[in-house]
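Visitor: The file below is upload.cif, mmCIF, C-alpha atoms:
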```cif
data_input
#
loop_
_atom_site.label_atom_id
_atom_site.label_comp_id
_atom_site.auth_asym_id
_atom_site.auth_seq_id
_atom_site.Cartn_x
_atom_site.Cartn_y
_atom_site.Cartn_z
CA MET A 1 -11.56 2.79 14.60
CA ALA A 2 -10.58 5.06 11.68
CA GLN A 3 -13.86 6.95 11.86
CA ILE A 4 -13.21 7.97 15.47
CA LEU A 5 -9.70 9.04 14.53
CA ILE A 6 -10.73 11.20 11.57
CA ASP A 7 -13.42 12.93 13.66
CA LYS A 8 -10.88 13.66 16.39
CA LEU A 9 -8.42 15.04 13.86
CA LEU A 10 -11.05 17.27 12.21
CA GLN A 11 -12.22 18.47 15.62
CA ALA A 12 -8.68 19.37 16.70
CA CYS A 13 -8.02 21.08 13.35
CA VAL A 14 -11.11 23.31 13.69
CA LYS A 15 -10.37 24.06 17.36
CA GLN A 16 -6.73 25.02 16.80
CA GLY A 17 -7.47 26.90 13.58
CA ALA A 18 -5.06 24.82 11.46
CA SER A 19 -5.32 25.45 7.71
CA ASP A 20 -4.39 21.90 6.61
CA ILE A 21 -4.09 18.32 7.86
CA HIS A 22 -1.43 16.12 6.22
CA ILE A 23 -1.85 12.34 6.45
CA VAL A 24 1.34 10.59 5.29
CA VAL A 25 2.53 7.04 6.09
CA GLY A 26 5.65 6.92 8.28
CA GLN A 27 4.89 9.88 10.55
CA PRO A 28 2.04 11.11 12.77
CA PRO A 29 -0.63 13.41 11.27
CA VAL A 30 0.72 16.94 10.67
CA PHE A 31 -1.18 20.24 11.03
CA ARG A 32 -0.25 23.44 9.21
CA LEU A 33 -0.68 26.28 11.70
CA HIS A 34 -0.06 29.90 10.59
CA GLY A 35 1.98 28.56 7.69
CA ARG A 36 4.20 26.23 9.83
CA MET A 37 4.03 22.41 9.79
CA ARG A 38 3.49 20.83 13.24
CA LYS A 39 3.55 17.06 13.91
CA LEU A 40 0.89 15.83 16.31
CA GLU A 41 2.04 13.81 19.30
CA THR A 42 0.18 10.65 18.35
CA LYS A 43 1.13 7.32 16.80
CA VAL A 44 3.04 7.07 13.54
CA LEU A 45 0.66 6.25 10.66
CA GLU A 46 1.05 2.88 8.94
CA ALA A 47 -0.16 1.91 5.48
CA ASP A 48 -3.46 0.45 6.68
CA ASP A 49 -4.12 3.52 8.89
CA SER A 50 -3.97 5.86 5.92
CA VAL A 51 -6.15 3.55 3.80
CA ALA A 52 -8.76 3.31 6.61
CA LEU A 53 -8.72 7.11 7.08
CA MET A 54 -9.10 7.62 3.34
CA LYS A 55 -12.01 5.13 3.07
CA SER A 56 -13.81 6.72 6.03
CA ILE A 57 -14.33 10.04 4.18
CA THR A 58 -13.82 9.42 0.43
CA PRO A 59 -16.96 8.96 -1.75
CA ASN A 60 -16.98 5.78 -3.87
CA ARG A 61 -16.70 7.61 -7.20
CA CYS A 62 -13.54 9.30 -5.88
CA GLN A 63 -12.10 5.99 -4.64
CA GLU A 64 -12.54 4.67 -8.20
CA GLU A 65 -10.81 7.75 -9.62
CA LEU A 66 -7.96 7.25 -7.14
CA GLN A 67 -7.47 3.68 -8.41
CA GLN A 68 -7.48 4.80 -12.06
CA ASN A 69 -5.55 8.10 -11.92
CA GLY A 70 -3.57 7.88 -8.70
CA SER A 71 -5.30 10.93 -7.19
CA THR A 72 -8.69 12.49 -6.54
CA ASP A 73 -10.19 15.67 -5.01
CA PHE A 74 -13.49 16.27 -3.25
CA GLY A 75 -15.08 18.46 -0.59
CA PHE A 76 -17.16 17.49 2.43
CA ALA A 77 -18.86 19.15 5.38
CA PHE A 78 -17.76 18.38 8.94
CA GLY A 79 -21.10 18.83 10.69
CA ASP A 80 -21.82 22.54 10.79
CA GLN A 81 -18.33 23.42 12.03
CA ALA A 82 -16.35 23.61 8.80
CA ARG A 83 -15.90 22.23 5.31
CA PHE A 84 -12.81 20.49 4.06
CA ARG A 85 -11.34 20.30 0.57
CA VAL A 86 -9.50 16.99 0.30
CA SER A 87 -6.80 15.79 -2.06
CA VAL A 88 -6.03 12.04 -1.90
CA PHE A 89 -3.03 10.72 -3.82
CA LYS A 90 -0.61 7.81 -4.06
CA GLN A 91 3.08 8.17 -3.32
CA ARG A 92 5.59 5.30 -3.13
CA SER A 93 2.43 3.17 -3.53
CA PHE A 94 1.06 4.40 -0.17
CA ILE A 95 -2.05 6.58 0.25
CA SER A 96 -1.50 10.22 1.33
CA MET A 97 -4.12 12.89 2.04
CA VAL A 98 -4.16 16.64 2.48
CA LEU A 99 -7.30 18.20 3.98
CA ARG A 100 -7.66 21.98 3.64
CA GLN A 101 -10.02 23.59 6.13
CA ILE A 102 -12.57 25.97 4.63
CA PRO A 103 -14.11 28.05 7.43
CA ASN A 104 -17.89 28.24 7.63
CA SER A 105 -17.97 31.89 8.57
CA MET A 106 -17.11 34.22 5.72
CA LEU A 107 -15.00 37.28 6.33
CA THR A 108 -16.32 40.58 5.01
CA PRO A 109 -14.32 42.37 2.31
CA GLU A 110 -13.29 44.96 4.97
CA GLN A 111 -11.99 42.22 7.29
CA LEU A 112 -9.90 40.84 4.42
CA GLY A 113 -8.47 44.31 3.82
CA LEU A 114 -10.00 44.51 0.34
CA PRO A 115 -10.18 48.11 -0.88
CA GLU A 116 -13.67 49.61 -1.17
CA VAL A 117 -13.35 49.92 -4.96
CA CYS A 118 -13.62 46.09 -5.17
CA THR A 119 -17.09 45.95 -3.61
CA LYS A 120 -18.22 48.83 -5.84
CA LEU A 121 -17.02 46.99 -8.96
CA ALA A 122 -18.57 43.72 -7.76
CA LEU A 123 -22.00 45.36 -7.96
CA ARG A 124 -21.57 46.35 -11.61
CA PRO A 125 -24.19 44.79 -13.92
CA ARG A 126 -21.72 43.26 -16.39
CA GLY A 127 -18.07 42.51 -16.98
CA LEU A 128 -15.20 40.23 -16.05
CA PHE A 129 -13.70 40.53 -12.55
CA LEU A 130 -10.55 38.44 -12.03
CA VAL A 131 -8.86 37.49 -8.77
CA THR A 132 -5.39 36.10 -9.37
CA GLY A 133 -2.37 34.87 -7.46
CA PRO A 134 -0.36 31.73 -6.69
CA THR A 135 -1.94 28.63 -5.10
CA GLY A 136 -2.83 29.21 -1.46
CA SER A 137 -2.86 33.01 -1.74
CA GLY A 138 -6.49 33.29 -0.59
CA LYS A 139 -8.23 33.72 -3.97
CA SER A 140 -11.16 31.46 -2.99
CA THR A 141 -11.59 33.38 0.27
CA THR A 142 -11.66 36.74 -1.54
CA LEU A 143 -14.19 35.51 -4.11
CA ALA A 144 -16.41 33.89 -1.47
CA SER A 145 -16.38 37.18 0.44
CA LEU A 146 -17.41 39.17 -2.67
CA ILE A 147 -20.14 36.65 -3.58
CA ASN A 148 -21.43 36.80 0.00
CA PHE A 149 -21.38 40.62 -0.16
CA ILE A 150 -23.54 40.53 -3.31
CA ASN A 151 -25.79 37.89 -1.69
CA GLU A 152 -26.40 40.12 1.34
CA ASN A 153 -26.97 43.34 -0.61
CA VAL A 154 -28.79 42.62 -3.88
CA ASP A 155 -31.51 40.33 -5.18
CA HIS A 156 -29.52 38.53 -7.88
CA HIS A 157 -29.36 35.01 -9.24
CA ILE A 158 -25.82 33.75 -8.60
CA ILE A 159 -24.40 30.59 -10.19
CA THR A 160 -21.05 29.28 -8.94
CA ILE A 161 -19.08 26.67 -10.88
CA GLU A 162 -16.42 25.07 -8.70
CA ASP A 163 -14.05 22.10 -8.52
CA PRO A 164 -14.77 21.10 -5.77
CA ILE A 165 -17.32 23.40 -4.05
CA GLU A 166 -15.45 25.19 -1.28
CA PHE A 167 -17.56 27.69 0.66
CA PHE A 168 -21.23 26.81 1.05
CA HIS A 169 -23.45 29.82 0.36
CA TYR A 170 -27.00 30.12 1.63
CA HIS A 171 -29.79 32.09 -0.05
CA LYS A 172 -29.91 35.55 1.54
CA LYS A 173 -31.13 38.41 -0.67
CA SER A 174 -29.93 36.50 -3.71
CA THR A 175 -30.69 32.99 -4.98
CA ILE A 176 -27.57 30.83 -5.27
CA ASN A 177 -26.95 27.68 -7.30
CA GLN A 178 -23.58 25.98 -6.77
CA ARG A 179 -22.50 23.43 -9.38
CA GLU A 180 -19.60 21.06 -8.81
CA ILE A 181 -17.43 19.84 -11.70
CA GLY A 182 -17.58 16.05 -11.99
CA VAL A 183 -20.73 15.82 -9.85
CA ASP A 184 -23.26 18.28 -11.30
CA VAL A 185 -21.64 19.14 -14.64
CA PRO A 186 -18.69 17.70 -16.63
CA SER A 187 -16.56 20.82 -17.28
CA PHE A 188 -16.19 24.54 -16.60
CA SER A 189 -16.80 25.60 -20.21
CA GLU A 190 -19.92 23.42 -20.48
CA ALA A 191 -21.24 24.82 -17.17
CA ILE A 192 -20.76 28.44 -18.32
CA ARG A 193 -22.50 27.78 -21.64
CA ARG A 194 -25.43 26.19 -19.78
CA ALA A 195 -25.47 28.98 -17.19
CA LEU A 196 -26.33 31.52 -19.88
CA ARG A 197 -29.73 29.81 -20.23
CA GLN A 198 -30.33 29.80 -16.47
CA ASP A 199 -31.11 33.51 -16.10
CA PRO A 200 -28.04 34.39 -14.01
CA ASP A 201 -26.90 37.86 -12.94
CA VAL A 202 -23.60 36.66 -11.49
CA ILE A 203 -21.45 33.69 -12.57
CA LEU A 204 -18.44 32.55 -10.55
CA VAL A 205 -15.95 30.42 -12.48
CA GLY A 206 -13.69 28.64 -9.97
CA GLU A 207 -10.75 28.34 -12.36
CA MET A 208 -10.13 29.58 -15.88
CA ARG A 209 -7.82 26.70 -16.83
CA ASP A 210 -8.18 26.31 -20.56
CA LEU A 211 -9.02 28.15 -23.74
CA ALA A 212 -12.65 26.96 -23.88
CA THR A 213 -13.33 28.18 -20.33
CA ILE A 214 -11.64 31.57 -20.88
CA GLU A 215 -13.58 32.04 -24.11
CA ALA A 216 -16.91 31.11 -22.48
CA ALA A 217 -16.21 33.44 -19.52
CA ILE A 218 -15.44 36.42 -21.78
CA THR A 219 -18.58 35.76 -23.84
CA ALA A 220 -20.70 35.58 -20.68
CA ALA A 221 -19.21 38.87 -19.44
CA GLU A 222 -19.94 40.54 -22.77
CA THR A 223 -23.56 39.43 -22.85
CA GLY A 224 -24.60 41.31 -19.73
CA HIS A 225 -23.53 39.20 -16.76
CA ILE A 226 -20.87 39.84 -14.15
CA VAL A 227 -18.37 36.97 -14.22
CA PHE A 228 -15.85 36.33 -11.44
CA GLY A 229 -12.91 34.09 -12.22
CA THR A 230 -9.43 33.12 -11.03
CA LEU A 231 -6.08 32.63 -12.75
CA HIS A 232 -2.68 31.66 -11.38
CA THR A 233 -0.88 34.86 -12.36
CA ASN A 234 1.08 37.19 -10.08
CA SER A 235 0.34 40.64 -11.47
CA ALA A 236 -2.46 42.51 -13.22
CA GLN A 237 -0.35 43.06 -16.34
CA GLY A 238 0.66 39.37 -16.37
CA THR A 239 -3.01 38.37 -16.14
CA VAL A 240 -4.03 40.34 -19.22
CA ASN A 241 -1.10 38.88 -21.18
CA ARG A 242 -1.85 35.34 -20.01
CA ILE A 243 -5.45 35.55 -21.28
CA ILE A 244 -4.43 36.95 -24.67
CA ASP A 245 -1.57 34.42 -25.02
CA ALA A 246 -4.00 31.54 -24.38
CA PHE A 247 -5.47 32.20 -27.83
CA PRO A 248 -3.90 31.27 -31.17
CA GLY A 249 -2.19 34.20 -32.96
CA ASN A 250 -4.92 34.80 -35.54
CA LEU A 251 -7.53 35.31 -32.78
CA GLN A 252 -5.48 37.56 -30.52
CA ASP A 253 -6.60 40.88 -32.03
CA GLN A 254 -10.24 39.92 -31.62
CA ILE A 255 -9.66 38.82 -28.00
CA ARG A 256 -7.89 42.11 -27.22
CA THR A 257 -10.98 43.97 -28.39
CA GLN A 258 -13.32 41.70 -26.41
CA LEU A 259 -11.18 41.90 -23.29
CA ALA A 260 -10.89 45.69 -23.54
CA SER A 261 -14.67 46.01 -23.49
CA SER A 262 -15.47 43.27 -20.93
CA LEU A 263 -12.68 43.31 -18.31
CA ILE A 264 -13.56 45.54 -15.34
CA SER A 265 -10.92 44.66 -12.75
CA VAL A 266 -7.99 42.43 -11.84
CA VAL A 267 -7.09 41.89 -8.20
CA ALA A 268 -3.73 40.11 -7.85
CA GLN A 269 -3.08 38.95 -4.31
CA THR A 270 -0.53 37.24 -2.09
CA LEU A 271 -0.53 36.17 1.57
CA LEU A 272 2.24 37.04 4.05
CA PRO A 273 2.91 35.95 7.63
CA LYS A 274 1.85 38.70 10.03
CA ILE A 275 4.19 39.84 12.80
CA GLY A 276 2.73 38.38 15.98
CA GLY A 277 0.89 35.52 14.23
CA GLY A 278 -1.76 35.00 11.58
CA ARG A 279 -1.53 36.13 7.97
CA VAL A 280 -2.33 39.25 5.97
CA ALA A 281 -3.03 39.78 2.26
CA ALA A 282 -1.38 42.28 -0.07
CA TYR A 283 -3.39 43.34 -3.13
CA GLU A 284 -2.52 44.75 -6.55
CA ILE A 285 -5.63 46.42 -7.99
CA LEU A 286 -6.25 47.19 -11.66
CA VAL A 287 -9.43 49.07 -12.50
CA VAL A 288 -10.12 49.06 -16.24
CA THR A 289 -10.67 52.72 -17.14
CA PRO A 290 -11.17 53.82 -20.77
CA GLY A 291 -7.40 54.55 -20.85
CA ILE A 292 -6.49 51.03 -19.73
CA ALA A 293 -9.03 49.54 -22.15
CA ASN A 294 -7.19 51.39 -24.94
CA LEU A 295 -3.83 49.93 -23.84
CA ILE A 296 -5.34 46.42 -24.02
CA ARG A 297 -6.96 47.07 -27.40
CA GLU A 298 -3.80 48.56 -28.90
CA ASN A 299 -1.54 45.76 -27.61
CA LYS A 300 0.34 48.10 -25.23
CA THR A 301 -0.11 45.92 -22.13
CA PHE A 302 3.52 46.62 -21.14
CA ARG A 303 2.27 50.06 -20.07
CA ILE A 304 -0.37 48.73 -17.65
CA THR A 305 1.95 48.67 -14.63
CA SER A 306 2.84 52.35 -14.95
CA ALA A 307 -0.84 53.16 -15.60
CA ILE A 308 -1.73 51.49 -12.27
CA GLN A 309 0.92 53.64 -10.60
CA THR A 310 -0.74 56.83 -11.81
CA GLY A 311 -4.30 55.52 -11.29
CA ALA A 312 -4.52 55.87 -7.51
CA LYS A 313 -7.51 58.19 -7.81
CA PHE A 314 -9.47 55.29 -9.38
CA GLY A 315 -8.49 52.98 -6.50
CA MET A 316 -5.58 51.33 -8.32
CA ASN A 317 -2.56 50.06 -6.44
CA LEU A 318 0.64 48.18 -7.31
CA MET A 319 1.65 45.06 -5.36
CA ASP A 320 4.99 46.56 -4.31
CA ASP A 321 3.23 49.65 -2.92
CA ALA A 322 0.91 47.38 -0.91
CA LEU A 323 3.95 45.49 0.42
CA PHE A 324 5.75 48.74 1.29
CA LYS A 325 2.67 49.80 3.26
CA LEU A 326 2.55 46.48 5.16
CA TRP A 327 6.23 46.98 6.09
CA ARG A 328 5.70 50.61 7.08
CA GLU A 329 2.71 49.72 9.26
CA GLU A 330 4.93 47.07 10.92
CA LYS A 331 2.54 44.26 9.95
CA CYS A 332 5.18 42.23 8.07
CA THR A 333 8.96 41.80 8.15
CA VAL A 334 11.24 43.27 5.46
CA GLU A 335 12.27 39.74 4.38
CA ASP A 336 8.67 38.60 3.84
CA CYS A 337 7.77 41.76 1.91
CA LEU A 338 10.84 41.52 -0.34
CA GLY A 339 10.15 37.80 -0.88
CA LYS A 340 6.77 38.62 -2.46
CA ALA A 341 7.81 41.80 -4.33
CA HIS A 342 7.64 42.06 -8.13
CA SER A 343 10.78 44.27 -8.13
CA PRO A 344 12.58 43.34 -4.87
CA ASP A 345 15.55 45.62 -5.65
CA ASP A 346 13.39 48.71 -6.06
CA LEU A 347 11.37 47.90 -2.95
CA ALA A 348 14.55 47.33 -0.94
CA LYS A 349 15.82 50.77 -2.01
CA ARG A 350 12.54 52.38 -0.96
CA ILE A 351 12.69 50.70 2.42
CA VAL A 352 16.31 51.76 2.95
CA ASN A 353 15.40 55.35 2.06
CA ALA A 354 12.34 55.27 4.30
CA ARG A 355 14.45 53.97 7.17
CA ARG A 356 16.90 56.80 6.59
CA GLY A 357 14.00 59.22 6.67
CA ILE A 358 12.76 57.72 9.95
CA ALA A 359 16.28 57.58 11.38
CA ASP A 360 16.75 61.29 10.62
CA GLU A 361 13.55 62.16 12.47
CA VAL A 362 13.92 59.74 15.40
CA PRO A 363 16.99 59.34 17.64
CA ALA A 364 18.62 55.98 16.81
CA GLY A 365 17.96 54.42 20.22
CA GLU A 366 14.21 54.86 19.93
CA PHE A 367 14.09 53.46 16.42
CA ASP A 368 15.55 50.11 17.51
CA HIS A 369 12.78 49.06 19.84
CA SER A 370 9.80 50.85 18.35
CA GLY A 371 9.37 47.97 15.90
CA ALA A 372 9.36 45.37 18.65
CA GLN A 373 6.73 47.23 20.65
CA SER A 374 4.11 47.59 17.97
CA GLY A 375 4.86 44.17 16.50
CA GLY A 376 3.95 42.43 19.73
CA GLY A 377 0.58 44.15 20.00
CA HIS A 378 -1.40 41.71 17.82
#
```
Take the structure in the file and write it out as structure tokens.

Guide:
Amino acid sequence: MAQILIDKLLQACVKQGASDIHIVVGQPPVFRLHGRMRKLETKVLEADDSVALMKSITPNRCQEELQQNGSTDFGFAFGDQARFRVSVFKQRSFISMVLRQIPNSMLTPEQLGLPEVCTKLALRPRGLFLVTGPTGSGKSTTLASLINFINENVDHHIITIEDPIEFFHYHKKSTINQREIGVDVPSFSEAIRRALRQDPDVILVGEMRDLATIEAAITAAETGHIVFGTLHTNSAQGTVNRIIDAFPGNLQDQIRTQLASSLISVVAQTLLPKIGGGRVAAYEILVVTPGIANLIRENKTFRITSAIQTGAKFGMNLMDDALFKLWREEKCTVEDCLGKAHSPDDLAKRIVNARRGIADEVPAGEFDHSGAQSGGGH
């Protein structure tokens, strides 16, 4: 019975383009569509329903982990239609599940709105390339797109280290090995150390969670590999500080020097609802020029933000400028842009001034409905 149900749910999720399925006792299954939660019009789930659903897709080793730790994560393929990343956990002694849909088709960097400088940097022979942002901001999607871009354009050996594996990559021009934490290798830091003996050109580190992993990633980037990694930081400047602060005080000078020579770029991103449906990403881009490398080396990271502001010719861009652009192009509402801004007050002032500028040029009547017209076009 449960097996039929889970297949139907997965089928409906793929068809409707929902990002997540929530299975919680006491209500019907819930889909997240374009960021909104929608209850399905089916029966309310009872305790044994959620257990049966869980057992129908959860590998035995994960069921054991669930018993011991109260939660477990894994990924699985739904035929050739999509993959799902699943988190199973206990709450009020019931079983709950969240299934995140990972599309099979990868978007190109252009489709994601990634600036061209990112693909140029991704083809560099060595260095550390970080994609950062809060949970659910599309970091995995951006990285998968860049890895796929490399895979289609150069004959490299790519090793990905993930927990769990999200996007499945196939060998195109490159050869790809994907290692899953807990299945293929015990930890991120161990996997990076091993990777150095596996003749890689590109190493993707799913998450740089702890000191050992950060250290191993920097070493790998220094020794002539390009390393992609993610961190949960909101800005480029914050990312550099977070890495340095992860180390004990007596090692921080040495790490500054290593980071200054190995870091090539930080892309900080966030996702916003798009007017007319769907979502759009805003990117802050730091390109590590010799000038920026000096700021990192000399412990002047507080000046990175203003250096990004003046570094447009290198492809750099501040988050708030990206948000201002999304507002000006009528892709996102003022409220959503301000909600994601690093300096909401400054951005609000800019928007007010820009509106004044527009209002001076355009008769007031026309200004009122011009937004509605273009917003409905998507």

Visitor: Kindly assemble as a tab-separated table a list of the region 153-258 of chain A residues that lie within 12 Å of region 72-89 of chain A, each paired with its nearest atom pair and their distance in Å to one decimal, using only C-alpha atoms, sorted first by chain and then by ascending residue number.

Guide:
```
residue	atom	partner	partner_atom	distance
A:Glu162	CA	A:Gly75	CA	10.5
A:Asp163	CA	A:Phe74	CA	7.9
A:Pro164	CA	A:Phe74	CA	5.6
A:Ile165	CA	A:Gly75	CA	6.4
A:Glu166	CA	A:Arg85	CA	6.7
A:Phe167	CA	A:Arg83	CA	7.4
A:Phe168	CA	A:Arg83	CA	8.2
A:His169	CA	A:Arg83	CA	11.8
A:Glu180	CA	A:Phe74	CA	9.5
A:Ile181	CA	A:Phe74	CA	10.0
A:Gly182	CA	A:Phe74	CA	9.7
A:Val183	CA	A:Phe74	CA	9.8
```

Visitor: Record the distance separating CA of Thr58 (chain A) and CA of Thr141 (chain A), expressed in Å with one decimal.

Guide: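 Distance reported for this atom pair: 24.1 Å.
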
Visitor: For a test of reading the model, state the distance in Å between CA of Phe188 (chain A) and CA of Thr213 (chain A), rounded to one decimal.

Guide: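 Straight-line distance from CA of Phe188 (chain A) to CA of Thr213 (chain A) works out to 5.9 Å.
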
Visitor: Counting all atoms listed in the file, which residues have an atom no more than 6 Å from (-9.2, 42.5, -12.3) in the file's coordinates? Please list them as a PDB file with C-alpha atoms, keeping the file's coordinate frame.

Guide:
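Saved result, point_2.pdb, follows:
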```pdb
ATOM      1  CA  PHE A 129     -13.700  40.530 -12.550  1.00  0.00           C
ATOM      2  CA  LEU A 130     -10.550  38.440 -12.030  1.00  0.00           C
ATOM      3  CA  SER A 265     -10.920  44.660 -12.750  1.00  0.00           C
ATOM      4  CA  VAL A 266      -7.990  42.430 -11.840  1.00  0.00           C
ATOM      5  CA  VAL A 267      -7.090  41.890  -8.200  1.00  0.00           C
ATOM      6  CA  LEU A 286      -6.250  47.190 -11.660  1.00  0.00           C
TER       7      LEU A 286
END
```

Visitor: Just the residues within 8 Å of Val240 (chain A), please, counting only C-alpha atoms, with nothing from its chain fewer than 4 positions along; format it as a ChimeraX atom specification.

Guide: /A:236,244,296,301

Visitor: Keeping only C-alpha atoms, take the residues you just selected and write them out as a short mmCIF file (atom, residue, chain, number, x, y, z; two decimals), in the frame of the given file.

Guide:
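File written: result.cif
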```cif
data_model
loop_
_atom_site.label_atom_id
_atom_site.label_comp_id
_atom_site.auth_asym_id
_atom_site.auth_seq_id
_atom_site.Cartn_x
_atom_site.Cartn_y
_atom_site.Cartn_z
CA ALA A 236 -2.46 42.51 -13.22
CA ILE A 244 -4.43 36.95 -24.67
CA ILE A 296 -5.34 46.42 -24.02
CA THR A 301 -0.11 45.92 -22.13
#
```

Visitor: Which residues, named as in the file, does the PyMOL selection byres ((chain A and resi 314) around 10) pick out? Answer as a PyMOL selection string.

Guide: chain A and resi 117+285-289+308+310-313+315-317

Visitor: Could you name the residues that touch Ala341 (chain A) at 12 Å or less, counting all atoms listed in the file, but leaving out those on the same chain fewer than 3 positions away, as a PDB file with C-alpha atoms, in the frame of the given file?

Guide:
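Generated file (selection05.pdb):
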```pdb
ATOM      1  CA  ASN A 234       1.080  37.190 -10.080  1.00  0.00           C
ATOM      2  CA  SER A 235       0.340  40.640 -11.470  1.00  0.00           C
ATOM      3  CA  GLN A 269      -3.080  38.950  -4.310  1.00  0.00           C
ATOM      4  CA  THR A 270      -0.530  37.240  -2.090  1.00  0.00           C
ATOM      5  CA  LEU A 271      -0.530  36.170   1.570  1.00  0.00           C
ATOM      6  CA  LEU A 272       2.240  37.040   4.050  1.00  0.00           C
ATOM      7  CA  ALA A 282      -1.380  42.280  -0.070  1.00  0.00           C
ATOM      8  CA  TYR A 283      -3.390  43.340  -3.130  1.00  0.00           C
ATOM      9  CA  GLU A 284      -2.520  44.750  -6.550  1.00  0.00           C
ATOM     10  CA  LEU A 318       0.640  48.180  -7.310  1.00  0.00           C
ATOM     11  CA  MET A 319       1.650  45.060  -5.360  1.00  0.00           C
ATOM     12  CA  ASP A 320       4.990  46.560  -4.310  1.00  0.00           C
ATOM     13  CA  ASP A 321       3.230  49.650  -2.920  1.00  0.00           C
ATOM     14  CA  ALA A 322       0.910  47.380  -0.910  1.00  0.00           C
ATOM     15  CA  LEU A 323       3.950  45.490   0.420  1.00  0.00           C
ATOM     16  CA  PHE A 324       5.750  48.740   1.290  1.00  0.00           C
ATOM     17  CA  LEU A 326       2.550  46.480   5.160  1.00  0.00           C
ATOM     18  CA  TRP A 327       6.230  46.980   6.090  1.00  0.00           C
ATOM     19  CA  VAL A 334      11.240  43.270   5.460  1.00  0.00           C
ATOM     20  CA  GLU A 335      12.270  39.740   4.380  1.00  0.00           C
ATOM     21  CA  ASP A 336       8.670  38.600   3.840  1.00  0.00           C
ATOM     22  CA  CYS A 337       7.770  41.760   1.910  1.00  0.00           C
ATOM     23  CA  LEU A 338      10.840  41.520  -0.340  1.00  0.00           C
ATOM     24  CA  PRO A 344      12.580  43.340  -4.870  1.00  0.00           C
ATOM     25  CA  ASP A 345      15.550  45.620  -5.650  1.00  0.00           C
ATOM     26  CA  ASP A 346      13.390  48.710  -6.060  1.00  0.00           C
ATOM     27  CA  LEU A 347      11.370  47.900  -2.950  1.00  0.00           C
ATOM     28  CA  ALA A 348      14.550  47.330  -0.940  1.00  0.00           C
TER      29      ALA A 348
END
```

Visitor: Applied to the shown file, which residues does the PyMOL selection byres ((chain A and resi 19) around 7) return, written as a PyMOL selection string?

Guide: chain A and resi 17-18+20+32-33+100-101

Visitor: Create the file for the chosen residues now, containing C-alpha atoms and written as a PDB file, in the frame of the given file.

Guide:
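After the write, again-v6.pdb holds the following:
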```pdb
ATOM      1  CA  GLY A  17      -7.470  26.900  13.580  1.00  0.00           C
ATOM      2  CA  ALA A  18      -5.060  24.820  11.460  1.00  0.00           C
ATOM      3  CA  ASP A  20      -4.390  21.900   6.610  1.00  0.00           C
ATOM      4  CA  ARG A  32      -0.250  23.440   9.210  1.00  0.00           C
ATOM      5  CA  LEU A  33      -0.680  26.280  11.700  1.00  0.00           C
ATOM      6  CA  ARG A 100      -7.660  21.980   3.640  1.00  0.00           C
ATOM      7  CA  GLN A 101     -10.020  23.590   6.130  1.00  0.00           C
TER       8      GLN A 101
END
```

Visitor: Measuring atom to atom with all atoms listed in the file, identify which of A:Glu152, A:Gly127, A:Ile192, A:Thr175 is nearest to Ala221 (chain A).

Guide: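 Nearest to Ala221 (chain A): A:Gly127.
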
Visitor: Once the PyMOL selection byres ((chain A and resi 96) around 8) is applied to the coordinates I shared, what remains selected? I want it as a list in words.

Guide: His22, Ile23, Val24, Val25, Ser50, Val88, Phe89, Lys90, Gln91, Phe94, Ile95, Met97 and Val98 of chain A

Visitor: Quick one: pull the distance between CA of Gln27 (chain A) and CA of Leu40 (chain A), Å, one decimal.

Guide: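 These atoms are spaced 9.2 Å apart.
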
Visitor: So, counting only C-alpha atoms, which residue among A:Asp7, A:Glu298, A:Glu110, A:Glu330 is closest to Arg256 (chain A)?

Guide: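 The shortest atom-to-atom distance to Arg256 (chain A) comes from A:Glu298.
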
Visitor: Place a sphere of radius 10 Å on (-19.5, 34.8, -18.3) in the file coordinates and name every protein, DNA or RNA residue with an atom inside or on its surface, counting all atoms listed in the file; give the answer as a short mmCIF file (atom, residue, chain, number, x, y, z; two decimals) with C-alpha atoms, in the frame of the given file.

Guide:
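This is the output file out-v6.cif:
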```
data_model
loop_
_atom_site.label_atom_id
_atom_site.label_comp_id
_atom_site.auth_asym_id
_atom_site.auth_seq_id
_atom_site.Cartn_x
_atom_site.Cartn_y
_atom_site.Cartn_z
CA ARG A 126 -21.72 43.26 -16.39
CA GLY A 127 -18.07 42.51 -16.98
CA LEU A 128 -15.20 40.23 -16.05
CA PHE A 129 -13.70 40.53 -12.55
CA SER A 189 -16.80 25.60 -20.21
CA ILE A 192 -20.76 28.44 -18.32
CA ARG A 193 -22.50 27.78 -21.64
CA ALA A 195 -25.47 28.98 -17.19
CA LEU A 196 -26.33 31.52 -19.88
CA PRO A 200 -28.04 34.39 -14.01
CA ASP A 201 -26.90 37.86 -12.94
CA VAL A 202 -23.60 36.66 -11.49
CA ILE A 203 -21.45 33.69 -12.57
CA LEU A 204 -18.44 32.55 -10.55
CA VAL A 205 -15.95 30.42 -12.48
CA THR A 213 -13.33 28.18 -20.33
CA ILE A 214 -11.64 31.57 -20.88
CA GLU A 215 -13.58 32.04 -24.11
CA ALA A 216 -16.91 31.11 -22.48
CA ALA A 217 -16.21 33.44 -19.52
CA ILE A 218 -15.44 36.42 -21.78
CA THR A 219 -18.58 35.76 -23.84
CA ALA A 220 -20.70 35.58 -20.68
CA ALA A 221 -19.21 38.87 -19.44
CA GLU A 222 -19.94 40.54 -22.77
CA THR A 223 -23.56 39.43 -22.85
CA GLY A 224 -24.60 41.31 -19.73
CA HIS A 225 -23.53 39.20 -16.76
CA ILE A 226 -20.87 39.84 -14.15
CA VAL A 227 -18.37 36.97 -14.22
CA PHE A 228 -15.85 36.33 -11.44
CA GLY A 229 -12.91 34.09 -12.22
CA SER A 262 -15.47 43.27 -20.93
#
```
